[in-house]
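Heads up: the structure comes next, in structure tokens.
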Amino acid sequence: MKIGDVLIKQTAALAPMASVADRAYREICKQHGAAYLVGEMASSKGLCYSDKKTHQLLSVNEYEQPMAVQLFGDDKDFMAKATIIATEYNPQIIDVNMGCPVPKVAGNGCGSALMKTPELAYDIIKAMTAVTDTPITVKIRKGWDDENVNAVEFAKLMQDAGAAAITVHGRTRKQMYRFPVDIDIIKEVKDAVSIPVIGNGGITSAVEAKQMYDYTGCDLVMIGQATYGRPWIFNEIKTYLETGILLPEPTIEERLEVMLKHIELIVLYKGEKMGMREARKHAAWYIKGSNGAAAFRHKCATLTTVSDLRELVEAVKNGEKA
């Protein structure tokens with residue numbers, strides 16, 4: 001598939017996940033077959049006011065391409081200015097978050113709240129596309145709630161404003177991340193627009209990814225929470241789509257080796273003190289399902305050094321008690 005002139009393999013993409021999809025996370029998912037990456041959302045106002053942490057969210061390296069940086073905001077002038085700033089980081093695509101359901105974002109008129117103000121959303125995309133040749137894409141939800149399902153009309157409006165692709169999460173804002181996921185709405189959007197449509201929400205396996213493709217006709221599937229502690233899901237999807245073969249789950253030893261590489265990347269980019277604090281949740285995700293996992297996950301909360309992590313890995317491998 002193509003977004004603008006950007007060629008993307010039709011396997012699976014990594015969703016933008018705040019406080020999760022950082023550079024280390026994106027790289028480990030890329031190593032395991034992610035075809036397209038979207039970074040953590042960055043505040044348009046933060047960029048315009050030169051907030052250092054916000055600028056760090058836009059870091060892109062060549063290995064991560066094809067990759068999009070993601071912006072959020074509710075002011076077209078700030079979003080246009082932030083677009084100009086974002087292009088300096090050389091992303092191949094700029095995505096706009098119009099689907100985030102969390103109160104601190106949606107409660108301020110941003111994210112999924114923009115689905116309640118489609119005219120403003122149109123003005124934002126129009127303003128952004130006017131200042132760059134970089135493809136602008138939009139990530140939306142099914143709607144605000146079951147009484148306000150407007151993804152189809154909203155997607156058409158985004159296309160008219162100049163969006164190069166639409167990602168549809170098949171839940172309403174009110175649902176947050178609860179089931180069920182409505183893939184019918186993804187199919188309806190795909191049937192209604194001519195730009196690429198990316199299907200998102202609830203995919204946890206290669207079989208479910210293929211079902212999303214087959215049923216909705218979407219151009220790409222996007223995986224989020226199912227990647228927690230399982231970056232190899234991308235290779236599982238790629239292999240199944242290309243060969244029909246379902247790969248076996250990695251052994252605990254294999255999982256722990258991936259975890260070590262992942263956390264070493266976090267420490268490389270963020271330093272040991274900050275990196276190990278962030279590594280705790282990732283270690284718990286990787287260990288989930290192993291023998292004595294509950295006790296080991298509790299121990300993950302105390303990790304402070306890479307040496308601590310290696311000791312934990314050896315304990316899990318040897319079947320020791322936490």
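Ordering of the structure tokens sets the chain letters (A, B, ...); residue numbers start at 1 within each chain; ligands are numbered from 1 in the order shown.
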Would you give me, as CSV, each residue of segment 19-123 of chain A having an atom within 7 Å of an atom of segment 227-235 of chain A, along with its shortest atom pair and that distance in Å to one decimal, using only C-alpha atoms and sorting by chain and residue number?
residue,atom,partner,partner_atom,distance
A:Ile28,CA,A:Pro231,CA,6.8
A:Cys29,CA,A:Pro231,CA,5.0
A:His32,CA,A:Trp232,CA,5.1
A:Gly33,CA,A:Asn235,CA,4.8
A:Ala34,CA,A:Phe234,CA,5.3
Generate the output file for the selected residues, N, CA and C atoms, as a tab-separated table (two decimals), in the first residue's frame.
chain	number	residue	atom	x	y	z
A	28	ILE	N	12.42	-2.37	18.45
A	28	ILE	CA	12.28	-3.81	18.70
A	28	ILE	C	11.12	-4.37	17.88
A	29	CYS	N	10.07	-3.59	17.69
A	29	CYS	CA	8.95	-4.04	16.85
A	29	CYS	C	9.36	-4.09	15.39
A	32	HIS	N	11.20	-7.13	14.56
A	32	HIS	CA	10.34	-8.32	14.51
A	32	HIS	C	9.23	-8.19	13.47
A	33	GLY	N	9.42	-7.30	12.49
A	33	GLY	CA	8.54	-7.32	11.34
A	33	GLY	C	7.49	-6.24	11.21
A	34	ALA	N	7.47	-5.25	12.08
A	34	ALA	CA	6.50	-4.16	11.93
A	34	ALA	C	6.77	-3.43	10.62
- request: Looking only at helix (DSSP H, G or I) from DSSP on the backbone, list the matching residues of segment 98-258 of chain A as a ChimeraX atom specification.
  value: /A:103-106,111-116,118-129,151-161,183-192,206-216,225-227,233-243,252-258
message: Could you check the closest approach to Ile94 of chain A for each of A:Ile237, A:Ile125, A:Ala18, A:Val152 and tell me which residue wins, using only C-alpha atoms?
response: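 Checking each candidate against Ile94 of chain A, we get A:Ile125 as the closest.
What separates atom CA of Ser112 of chain A from atom CA of Arg173 of chain A is a distance of 6.4 Å.
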- prompt: If you measure from atom CA of Asp75 of chain A to atom CA of Arg23 of chain A, what distance in Å do you get, rounded to one decimal?
  reply: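 One can read the atom CA of Asp75 of chain A to atom CA of Arg23 of chain A distance as 27.5 Å.
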Who sits within 7 Å of Ala165 of chain A, only C-alpha atoms, same chain under 4 positions skipped, as a CSV table (one decimal) with N, CA and C atoms, in the first residue's frame:
chain,number,residue,atom,x,y,z
A,3,ILE,N,0.9,5.5,1.2
A,3,ILE,CA,0.4,6.7,1.8
A,3,ILE,C,1.2,7.8,1.2
A,137,THR,N,-2.0,12.2,7.8
A,137,THR,CA,-3.0,11.2,8.0
A,137,THR,C,-3.8,11.5,9.3
A,138,VAL,N,-4.9,10.8,9.5
A,138,VAL,CA,-5.7,11.0,10.6
A,138,VAL,C,-6.1,9.7,11.3
A,195,ILE,N,-9.1,7.1,-0.2
A,195,ILE,CA,-7.7,7.1,0.3
A,195,ILE,C,-7.6,5.8,1.2
A,196,PRO,N,-6.3,5.4,1.4
A,196,PRO,CA,-6.1,4.2,2.2
A,196,PRO,C,-6.8,4.2,3.6
A,197,VAL,N,-7.3,3.1,4.1
A,197,VAL,CA,-7.9,2.9,5.4
A,197,VAL,C,-7.1,1.9,6.2
